[in-house]
file input02.tsv (TSV, C-alpha atoms)
chain	number	residue	atom	x	y	z
U	1	MET	CA	4.78	-68.21	157.40
U	2	TYR	CA	7.58	-69.50	155.25
U	3	ALA	CA	8.91	-69.05	151.73
U	4	ILE	CA	11.03	-70.93	149.21
U	5	VAL	CA	13.65	-68.54	147.84
U	6	GLU	CA	16.47	-68.99	145.34
U	7	ILE	CA	19.84	-67.57	146.48
U	8	GLN	CA	22.88	-68.00	144.24
U	9	GLY	CA	21.37	-70.92	142.33
U	10	GLN	CA	20.21	-72.84	145.41
U	11	GLN	CA	16.71	-73.06	146.86
U	12	PHE	CA	16.16	-72.55	150.59
U	13	ARG	CA	13.12	-72.77	152.86
U	14	VAL	CA	13.23	-69.61	154.99
U	15	GLU	CA	11.26	-68.29	157.94
U	16	ALA	CA	11.52	-64.96	159.76
U	17	GLY	CA	14.14	-65.03	162.52
U	18	LYS	CA	15.98	-68.13	161.27
U	19	LYS	CA	19.70	-68.45	160.43
U	20	LEU	CA	20.77	-69.45	156.94
U	21	PHE	CA	24.15	-70.51	155.59
U	22	VAL	CA	24.57	-69.80	151.86
U	23	HIS	CA	27.59	-70.11	149.59
U	24	HIS	CA	30.14	-67.34	150.16
U	25	MET	CA	28.96	-63.96	148.82
U	26	ASN	CA	31.73	-61.57	147.77
U	27	GLY	CA	31.51	-57.91	148.70
U	28	VAL	CA	29.10	-58.12	151.63
U	29	GLU	CA	29.72	-56.43	154.99
U	30	PRO	CA	28.57	-57.45	158.49
U	31	GLU	CA	25.16	-56.01	159.41
U	32	GLN	CA	24.41	-55.31	155.71
U	33	GLU	CA	20.77	-55.63	154.66
U	34	LEU	CA	20.04	-57.80	151.60
U	35	GLU	CA	16.86	-58.38	149.60
U	36	PHE	CA	16.16	-61.48	147.54
U	37	ASP	CA	13.33	-61.24	145.01
U	38	HIS	CA	13.55	-64.74	143.47
U	39	VAL	CA	10.72	-66.09	145.62
U	40	LEU	CA	9.26	-69.33	144.26
U	41	LEU	CA	6.59	-70.08	146.90
U	42	ILE	CA	4.99	-68.40	149.90
U	43	ASP	CA	2.91	-70.18	152.56
U	44	THR	CA	1.00	-67.76	154.80
U	45	GLY	CA	-0.65	-70.46	156.89
U	46	ASP	CA	-4.06	-70.34	155.24
U	47	ALA	CA	-3.04	-70.05	151.58
U	48	ILE	CA	-0.11	-71.21	149.47
U	49	ASN	CA	1.00	-68.95	146.65
U	50	VAL	CA	3.10	-70.72	144.02
U	51	GLY	CA	4.87	-68.59	141.43
U	52	ALA	CA	5.10	-69.30	137.74
U	53	PRO	CA	8.11	-69.17	137.97
U	54	LEU	CA	8.27	-66.33	140.56
U	55	VAL	CA	5.75	-64.84	142.98
U	56	GLU	CA	4.99	-61.27	141.87
U	57	GLY	CA	5.89	-58.54	144.38
U	58	ALA	CA	7.36	-60.93	146.94
U	59	LYS	CA	10.79	-60.54	148.51
U	60	VAL	CA	12.80	-61.83	151.44
U	61	CYS	CA	14.80	-59.37	153.58
U	62	ALA	CA	17.92	-60.68	155.30
U	63	GLN	CA	20.86	-59.33	157.28
U	64	VAL	CA	24.47	-60.54	157.06
U	65	VAL	CA	25.72	-61.88	160.40
U	66	HIS	CA	29.16	-63.17	159.31
U	67	PRO	CA	30.38	-62.61	155.72
U	68	LEU	CA	32.83	-65.55	155.84
U	69	VAL	CA	32.27	-68.75	157.81
U	70	LYS	CA	34.15	-71.96	157.12
U	71	GLY	CA	32.26	-75.23	157.18
U	72	ASP	CA	33.38	-78.59	158.53
U	73	LYS	CA	36.48	-80.17	157.04
U	74	VAL	CA	35.85	-82.83	154.42
U	75	LEU	CA	38.69	-85.33	154.03
U	76	VAL	CA	39.30	-86.94	150.62
U	77	PHE	CA	41.45	-90.08	150.81
U	78	HIS	CA	42.81	-91.91	147.75
U	79	LYS	CA	44.55	-95.27	147.95
U	80	LYS	CA	45.71	-97.94	145.53
U	81	ARG	CA	46.06	-101.31	147.17
U	82	ARG	CA	49.41	-103.08	147.24
U	83	LYS	CA	51.19	-100.12	145.58
U	84	GLY	CA	51.99	-97.95	148.60
U	85	TYR	CA	50.02	-95.04	147.11
U	86	ARG	CA	48.06	-92.98	149.63
U	87	LYS	CA	46.95	-89.37	149.36
U	88	LEU	CA	44.93	-87.34	151.87
U	89	ARG	CA	43.48	-83.95	150.99
U	90	GLY	CA	41.14	-81.74	152.97
U	91	HIS	CA	38.64	-79.04	152.05
U	92	ARG	CA	36.59	-76.50	154.04
U	93	GLN	CA	33.71	-74.86	152.18
U	94	GLN	CA	33.20	-71.12	152.68
U	95	PHE	CA	29.75	-69.83	153.63
U	96	THR	CA	28.02	-66.55	154.47
U	97	GLU	CA	25.73	-66.56	157.51
U	98	LEU	CA	22.43	-64.69	157.11
U	99	THR	CA	19.51	-63.98	159.45
U	100	ILE	CA	16.10	-63.71	157.82
U	101	LYS	CA	14.37	-60.51	158.96
U	102	GLU	CA	11.03	-60.64	157.17
U	103	ILE	CA	9.11	-62.09	154.26
U	104	VAL	CA	7.16	-59.55	152.22
U	105	ALA	CA	4.28	-61.08	150.26
call {"tool": "encode", "arguments": {"input": "input02.tsv", "output": "C-alpha coordinates"}}
result
Amino acid sequence: MYAIVEIQGQQFRVEAGKKLFVHHMNGVEPEQELEFDHVLLIDTGDAINVGAPLVEGAKVCAQVVHPLVKGDKVLVFHKKRRKGYRKLRGHRQQFTELTIKEIVA
(Lines of atoms letter the chains of each structure in order from A and count residues from 1; the text may use other names and numbers.)
(Lines give C-alpha, C1' and ligand atoms only; values in the text may rest on other atoms or scores of the structure.)
Protein backbone atom coordinates (compact mmCIF):
# COMPACT_ATOMS: atom_id res chain seq x y z
CA MET A 1 0.00 0.00 0.00
CA TYR A 2 1.32 3.40 -0.92
CA ALA A 3 0.05 6.95 -1.28
CA ILE A 4 0.98 10.15 -3.07
CA VAL A 5 0.86 13.00 -0.55
CA GLU A 6 1.59 16.72 -0.85
CA ILE A 7 3.83 18.11 1.91
CA GLN A 8 4.86 21.78 1.80
CA GLY A 9 4.16 22.10 -1.92
CA GLN A 10 6.01 18.94 -2.95
CA GLN A 11 4.55 15.55 -3.83
CA PHE A 12 6.00 12.38 -2.29
CA ARG A 13 5.32 8.67 -2.73
CA VAL A 14 5.06 7.28 0.80
CA GLU A 15 4.74 3.81 2.30
CA ALA A 16 4.34 2.75 5.93
CA GLY A 17 7.69 2.37 7.69
CA LYS A 18 9.73 4.38 5.17
CA LYS A 19 11.94 7.42 5.85
CA LEU A 20 11.20 10.71 4.14
CA PHE A 21 13.25 13.90 3.89
CA VAL A 22 11.12 17.03 3.38
CA HIS A 23 12.06 20.70 3.36
CA HIS A 24 12.77 22.05 6.84
CA MET A 25 9.62 22.44 8.96
CA ASN A 26 9.77 25.15 11.63
CA GLY A 27 8.39 24.47 15.09
CA VAL A 28 8.49 20.67 15.09
CA GLU A 29 9.98 18.60 17.92
CA PRO A 30 11.63 15.16 17.83
CA GLU A 31 9.14 12.30 18.27
CA GLN A 32 6.24 14.64 17.37
CA GLU A 33 3.33 13.05 15.49
CA LEU A 34 2.16 14.79 12.30
CA GLU A 35 -0.84 14.21 10.04
CA PHE A 36 -0.98 15.18 6.38
CA ASP A 37 -4.42 15.25 4.78
CA HIS A 38 -3.46 16.42 1.25
CA VAL A 39 -3.54 12.89 -0.15
CA LEU A 40 -3.74 12.81 -3.95
CA LEU A 41 -3.73 9.05 -4.61
CA ILE A 42 -3.95 5.80 -2.65
CA ASP A 43 -3.03 2.36 -4.01
CA THR A 44 -4.23 -0.48 -1.76
CA GLY A 45 -2.89 -3.25 -3.98
CA ASP A 46 -6.19 -4.22 -5.58
CA ALA A 47 -7.67 -0.77 -6.23
CA ILE A 48 -6.30 2.68 -6.98
CA ASN A 49 -8.21 5.64 -5.59
CA VAL A 50 -7.40 8.92 -7.33
CA GLY A 51 -8.66 12.13 -5.75
CA ALA A 52 -10.22 15.05 -7.55
CA PRO A 53 -8.11 16.84 -6.34
CA LEU A 54 -7.91 15.10 -2.91
CA VAL A 55 -8.99 11.69 -1.63
CA GLU A 56 -11.82 12.19 0.87
CA GLY A 57 -11.12 11.00 4.43
CA ALA A 58 -7.55 9.91 3.70
CA LYS A 59 -4.53 10.98 5.73
CA VAL A 60 -0.92 10.02 6.28
CA CYS A 61 0.46 9.80 9.84
CA ALA A 62 4.16 10.48 10.32
CA GLN A 63 6.62 10.96 13.18
CA VAL A 64 9.52 13.43 13.26
CA VAL A 65 12.88 11.66 13.63
CA HIS A 66 15.22 14.67 13.29
CA PRO A 67 13.78 18.20 12.97
CA LEU A 68 16.91 19.58 11.26
CA VAL A 69 19.16 17.59 8.94
CA LYS A 70 21.59 19.20 6.52
CA GLY A 71 21.90 17.77 3.03
CA ASP A 72 25.02 17.33 0.92
CA LYS A 73 27.04 20.41 0.07
CA VAL A 74 26.43 21.87 -3.37
CA LEU A 75 29.33 23.91 -4.75
CA VAL A 76 28.61 26.81 -7.11
CA PHE A 77 31.67 27.93 -9.08
CA HIS A 78 31.77 31.06 -11.27
CA LYS A 79 34.67 31.89 -13.56
CA LYS A 80 35.38 34.37 -16.34
CA ARG A 81 38.14 33.21 -18.62
CA ARG A 82 41.31 35.26 -19.03
CA LYS A 83 40.17 37.80 -16.39
CA GLY A 84 41.37 36.14 -13.19
CA TYR A 85 37.80 36.10 -11.81
CA ARG A 86 36.90 33.01 -9.80
CA LYS A 87 34.27 32.66 -7.10
CA LEU A 88 33.32 29.53 -5.14
CA ARG A 89 30.23 29.39 -2.96
CA GLY A 90 28.69 26.47 -1.13
CA HIS A 91 25.19 25.65 0.09
CA ARG A 92 23.69 22.92 2.30
CA GLN A 93 19.92 22.52 2.13
CA GLN A 94 18.07 21.98 5.41
CA PHE A 95 15.64 19.06 5.71
CA THR A 96 13.36 17.44 8.29
CA GLU A 97 13.50 13.65 8.55
CA LEU A 98 10.14 11.88 8.94
CA THR A 99 9.13 8.24 9.38
CA ILE A 100 5.78 7.26 7.91
CA LYS A 101 3.71 5.41 10.53
CA GLU A 102 0.51 4.58 8.67
CA ILE A 103 -1.73 5.46 5.77
CA VAL A 104 -5.40 5.85 6.64
CA ALA A 105 -7.72 5.39 3.66
call {"tool": "closest_residue", "arguments": {"input": "input02.tsv", "among": "U:Ala16, U:Leu98, U:Leu88, U:Ala105", "to": "Leu68 (chain U)", "atoms": "all atoms listed in the file"}}
result
U:Leu98
call {"tool": "residues_around", "arguments": {"input": "input02.tsv", "residues": "Asp37 (chain U)", "least_positions_apart": "3", "cutoff": "12 Å", "atoms": "only C-alpha atoms", "output": "VMD selection string"}}
result
chain U and resid 3 to 8 34 40 to 41 51 53 to 62 103 to 105
call {"tool": "write_last_selection", "arguments": {"input": "input02.tsv", "atoms": "C-alpha atoms", "output": "mmCIF file, keeping the file's coordinate frame"}}
result
data_model
loop_
_atom_site.group_PDB
_atom_site.id
_atom_site.type_symbol
_atom_site.label_atom_id
_atom_site.label_comp_id
_atom_site.auth_asym_id
_atom_site.auth_seq_id
_atom_site.Cartn_x
_atom_site.Cartn_y
_atom_site.Cartn_z
ATOM 1 C CA ALA U 3 8.910 -69.050 151.730
ATOM 2 C CA ILE U 4 11.030 -70.930 149.210
ATOM 3 C CA VAL U 5 13.650 -68.540 147.840
ATOM 4 C CA GLU U 6 16.470 -68.990 145.340
ATOM 5 C CA ILE U 7 19.840 -67.570 146.480
ATOM 6 C CA GLN U 8 22.880 -68.000 144.240
ATOM 7 C CA LEU U 34 20.040 -57.800 151.600
ATOM 8 C CA LEU U 40 9.260 -69.330 144.260
ATOM 9 C CA LEU U 41 6.590 -70.080 146.900
ATOM 10 C CA GLY U 51 4.870 -68.590 141.430
ATOM 11 C CA PRO U 53 8.110 -69.170 137.970
ATOM 12 C CA LEU U 54 8.270 -66.330 140.560
ATOM 13 C CA VAL U 55 5.750 -64.840 142.980
ATOM 14 C CA GLU U 56 4.990 -61.270 141.870
ATOM 15 C CA GLY U 57 5.890 -58.540 144.380
ATOM 16 C CA ALA U 58 7.360 -60.930 146.940
ATOM 17 C CA LYS U 59 10.790 -60.540 148.510
ATOM 18 C CA VAL U 60 12.800 -61.830 151.440
ATOM 19 C CA CYS U 61 14.800 -59.370 153.580
ATOM 20 C CA ALA U 62 17.920 -60.680 155.300
ATOM 21 C CA ILE U 103 9.110 -62.090 154.260
ATOM 22 C CA VAL U 104 7.160 -59.550 152.220
ATOM 23 C CA ALA U 105 4.280 -61.080 150.260
#
call {"tool": "closest_residue", "arguments": {"input": "input02.tsv", "among": "U:Asp72, U:Phe12, U:Arg89, U:Val64", "to": "Glu33 (chain U)", "atoms": "all atoms listed in the file"}}
result
U:Val64
call {"tool": "residues_around", "arguments": {"input": "input02.tsv", "residues": "Thr96 (chain U)", "least_positions_apart": "5", "cutoff": "8 Å", "atoms": "all atoms listed in the file", "output": "PyMOL selection string"}}
result
chain U and resi 21-25+64-69
call {"tool": "closest_residue", "arguments": {"input": "input02.tsv", "among": "U:Gln10, U:Val74, U:Arg92, U:Thr99", "to": "Pro30 (chain U)", "atoms": "all atoms listed in the file"}}
result
U:Thr99
call {"tool": "atom_distance", "arguments": {"input": "input02.tsv", "atom1": "CA of Gln94 (chain U)", "atom2": "CA of Tyr2 (chain U)"}}
result
25.8 Å
call {"tool": "atom_distance", "arguments": {"input": "input02.tsv", "atom1": "CA of Lys101 (chain U)", "atom2": "CA of Glu15 (chain U)"}}
result
8.4 Å
call {"tool": "closest_residue", "arguments": {"input": "input02.tsv", "among": "U:Val28, U:Val76, U:Ile100, U:Ala47", "to": "Arg13 (chain U)", "atoms": "all atoms listed in the file"}}
result
U:Ile100
call {"tool": "atom_distance", "arguments": {"input": "input02.tsv", "atom1": "CA of Lys19 (chain U)", "atom2": "CA of Thr44 (chain U)"}}
result
19.5 Å
call {"tool": "axis_aligned_box", "arguments": {"input": "input02.tsv", "around": "region 83-96 of chain U", "padding_each_side": "5 Å", "output": "JSON"}}
result
{"center_x": 40.0, "center_y": -83.3, "center_z": 150.0, "size_x": 34.0, "size_y": 43.6, "size_z": 18.9}
call {"tool": "decode", "arguments": {"input": "input02.tsv", "residues": "region 81-93 of chain U", "atoms": "N, CA, C and O atoms", "output": "PDB file, in the first residue's frame"}}
result
ATOM      1  N   ARG U  81      36.839  33.597 -18.069  1.00  0.00           N
ATOM      2  CA  ARG U  81      38.140  33.211 -18.619  1.00  0.00           C
ATOM      3  C   ARG U  81      39.004  34.435 -18.947  1.00  0.00           C
ATOM      4  O   ARG U  81      38.498  35.488 -19.350  1.00  0.00           O
ATOM      5  N   ARG U  82      40.262  34.269 -18.743  1.00  0.00           N
ATOM      6  CA  ARG U  82      41.306  35.262 -19.025  1.00  0.00           C
ATOM      7  C   ARG U  82      41.176  36.536 -18.206  1.00  0.00           C
ATOM      8  O   ARG U  82      41.813  37.527 -18.509  1.00  0.00           O
ATOM      9  N   LYS U  83      40.352  36.598 -17.198  1.00  0.00           N
ATOM     10  CA  LYS U  83      40.173  37.805 -16.390  1.00  0.00           C
ATOM     11  C   LYS U  83      40.646  37.621 -14.954  1.00  0.00           C
ATOM     12  O   LYS U  83      40.666  38.574 -14.192  1.00  0.00           O
ATOM     13  N   GLY U  84      40.940  36.392 -14.558  1.00  0.00           N
ATOM     14  CA  GLY U  84      41.368  36.141 -13.190  1.00  0.00           C
ATOM     15  C   GLY U  84      40.219  36.145 -12.187  1.00  0.00           C
ATOM     16  O   GLY U  84      40.439  36.241 -10.984  1.00  0.00           O
ATOM     17  N   TYR U  85      38.992  36.062 -12.674  1.00  0.00           N
ATOM     18  CA  TYR U  85      37.804  36.103 -11.807  1.00  0.00           C
ATOM     19  C   TYR U  85      37.344  34.686 -11.514  1.00  0.00           C
ATOM     20  O   TYR U  85      36.996  33.927 -12.434  1.00  0.00           O
ATOM     21  N   ARG U  86      37.398  34.317 -10.241  1.00  0.00           N
ATOM     22  CA  ARG U  86      36.901  33.014  -9.803  1.00  0.00           C
ATOM     23  C   ARG U  86      36.181  33.209  -8.473  1.00  0.00           C
ATOM     24  O   ARG U  86      36.655  33.942  -7.610  1.00  0.00           O
ATOM     25  N   LYS U  87      35.042  32.558  -8.332  1.00  0.00           N
ATOM     26  CA  LYS U  87      34.266  32.659  -7.099  1.00  0.00           C
ATOM     27  C   LYS U  87      33.672  31.287  -6.795  1.00  0.00           C
ATOM     28  O   LYS U  87      33.077  30.661  -7.664  1.00  0.00           O
ATOM     29  N   LEU U  88      33.835  30.827  -5.553  1.00  0.00           N
ATOM     30  CA  LEU U  88      33.324  29.530  -5.139  1.00  0.00           C
ATOM     31  C   LEU U  88      32.423  29.729  -3.932  1.00  0.00           C
ATOM     32  O   LEU U  88      32.836  30.301  -2.924  1.00  0.00           O
ATOM     33  N   ARG U  89      31.179  29.303  -4.052  1.00  0.00           N
ATOM     34  CA  ARG U  89      30.229  29.394  -2.957  1.00  0.00           C
ATOM     35  C   ARG U  89      29.636  28.016  -2.716  1.00  0.00           C
ATOM     36  O   ARG U  89      29.448  27.235  -3.646  1.00  0.00           O
ATOM     37  N   GLY U  90      29.296  27.744  -1.474  1.00  0.00           N
ATOM     38  CA  GLY U  90      28.694  26.465  -1.130  1.00  0.00           C
ATOM     39  C   GLY U  90      27.336  26.660  -0.473  1.00  0.00           C
ATOM     40  O   GLY U  90      27.020  27.726   0.046  1.00  0.00           O
ATOM     41  N   HIS U  91      26.517  25.597  -0.509  1.00  0.00           N
ATOM     42  CA  HIS U  91      25.190  25.652   0.087  1.00  0.00           C
ATOM     43  C   HIS U  91      24.812  24.260   0.570  1.00  0.00           C
ATOM     44  O   HIS U  91      25.059  23.270  -0.111  1.00  0.00           O
ATOM     45  N   ARG U  92      24.224  24.182   1.775  1.00  0.00           N
ATOM     46  CA  ARG U  92      23.693  22.919   2.299  1.00  0.00           C
ATOM     47  C   ARG U  92      22.217  23.121   2.627  1.00  0.00           C
ATOM     48  O   ARG U  92      21.878  23.916   3.493  1.00  0.00           O
ATOM     49  N   GLN U  93      21.356  22.415   1.932  1.00  0.00           N
ATOM     50  CA  GLN U  93      19.921  22.520   2.133  1.00  0.00           C
ATOM     51  C   GLN U  93      19.533  21.898   3.467  1.00  0.00           C
ATOM     52  O   GLN U  93      20.091  20.885   3.875  1.00  0.00           O
TER      53      GLN U  93
END
